[in-house]
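Colleague: The structure's right below; bear with me while I get my questions together.
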Amino acid sequence: MKIAFIGDIVGRPGRTMIKEHLPRLRREYGIDFVIANYENASHGFGVTVKNAHELLDTGIDCMSGGNHTWDKKEVEPLLASLPLLRPHNYPEGVPGSGCRVFEVGGKRLAVLNIMGHYGMPYVDNAFRCARDTVAQLKNDGVEHIFVDFHAEATSEKRAMLMLLQGEVSGIIGTHTHVGSDDLQISRGTAYLTDIGLTGCRDNVIGMDAKVPVEKFLLGVSGRFEVPEKCRKIFQIAIMTLEGGKCTDAFKLKIFDDGRVFRTDAWIEE
Ligand code: FE2
């Protein structure tokens with residue numbers, strides 16, 4: 001089974017890159033299942049009903065969320081009606097779920113969305129939630145488990161790898177919007193600290209740089225806006241899964257000027 005993961009899609013520039021590249025990549029690489037993070041897809045904050053449908057129509061099969069899941073209130077009913085997740089470690093009583101099992105080419109694939117702690121809302125323990133949910137899924141005979149770990153701290157992401165390596169097929173980080181350079185397959189688990197955003201590559205986390213720079217200079221924040229015009233990037237990890245493990249993984253960075261950069265995973269036994 002070949003699956004692909006796209007991180008934080010930021011605003012219209014991100015959605016444009018998805019529409020331009022994903023259908024072709026799906027065909028070219030024979031990708032069976034695509035997961036992408038929607039939490040910044042509409043104007044940088046949350047996702048609207050319209051944009052959620054548009055993104056799913058481009059060939060995304062499941063979308064994960066994060067701390068910005070709730071920014072567009074209209075998303076709440078979609079958590080039940082569409083393949084949209086929110087972090088699984090929100091407390092009981094919060095709408096939606098962060099774990100869903102899909103049938104892909106006769107095999108079962110679980111997508112698990114977990115949110116970290118540093119700089120994040122108060123939620124249930126990410127590590128205990130991930131450990132217990134993975135144990136339950138394996139007990140239920142689910143072969144492949146992919147985790148979108150939505151977290152700020154690199155240490156939390158590394159610790160999640162140490163906790164789950166060999167148990168899940170992939171753990172890829174989101175939320176920082178900045179791609180890291182550590183794609184590896186560790187005991188059969190594909191791992192990348194953060195895949196990085198899909199959207200504007202020449203500003204600050206996909207947002208117009210003016211407000212963040214002012215915020216850091218003066219300590220006063222304005223409204224973050226997605227630029228109308230910018231240089232764009234599309235970032236995607238493509239993984240081959242067999243028997244509960246990842247056997248091959250690489251990442252593509254596609255720029256809107258046609259440049260493509262490929263990074264292959266290193267293997268750790
Ligand atoms: Fe986030």
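Order determines the names: the first chain of the structure tokens is A, the second B, and so forth; residues in each chain are numbered 1 upward, and ligands are numbered 1 upward as they are shown.
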Give the residues close to ligand 1, within 7 Å, counting only C-alpha atoms and all ligand atoms; write them as a list in words.

Modeller: Glu39, Gly66, Asn67, His68, His150 and His175 of chain A

Colleague: Could you turn the residues from that selection into a file that holds C-alpha atoms, as a PDB file, in the first residue's frame?

Modeller:
```
ATOM      1  CA  GLU A  39      -6.296  23.226  10.244  1.00  0.00           C
ATOM      2  CA  GLY A  66      -4.964  20.506  15.379  1.00  0.00           C
ATOM      3  CA  ASN A  67      -5.339  23.462  17.723  1.00  0.00           C
ATOM      4  CA  HIS A  68      -6.974  25.512  14.913  1.00  0.00           C
ATOM      5  CA  HIS A 150       0.542  18.036  15.801  1.00  0.00           C
ATOM      6  CA  HIS A 175       2.086  22.523  13.327  1.00  0.00           C
TER       7      HIS A 175
END
```

Colleague: Out of region 130-218 of chain A, which residues get helix (DSSP H, G or I) from DSSP, as a ChimeraX atom specification?

Modeller: /A:130-139,154-164,210-218

Colleague: Quote the spacing between CA of Leu183 (chain A) and CA of Arg100 (chain A) in Å to one decimal place.

Modeller: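 These two atoms are separated by 24.6 Å.
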
Colleague: How close does region 206-242 of chain A get to region 3-16 of chain A? List, as CSV, each residue of region 206-242 of chain A within 6 Å, its nearest atom pair and the distance in Å to one decimal, counting only C-alpha atoms.

Modeller:
```
residue,atom,partner,partner_atom,distance
A:Ile236,CA,A:Ile6,CA,4.8
A:Ala237,CA,A:Phe5,CA,5.2
A:Ile238,CA,A:Ala4,CA,4.3
A:Met239,CA,A:Ile3,CA,5.4
```

Colleague: Please identify which residues in region 13-191 of chain A DSSP calls strand (DSSP E) from the backbone, and express them as a PyMOL selection string.

Modeller: chain A and resi 33-37+62-64+99-104+107-115+144-150+170-174+184-186+189-191

Colleague: For a quick check of understanding, using only C-alpha atoms, which of A:Ala151, A:Val260, A:Ala52, A:Ile114 has the smallest distance to Pro77 (chain A)?

Modeller: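 Checking each of A:Ala151, A:Val260, A:Ala52, A:Ile114 against Pro77 (chain A), counting only C-alpha atoms, the winner is A:Ala52.
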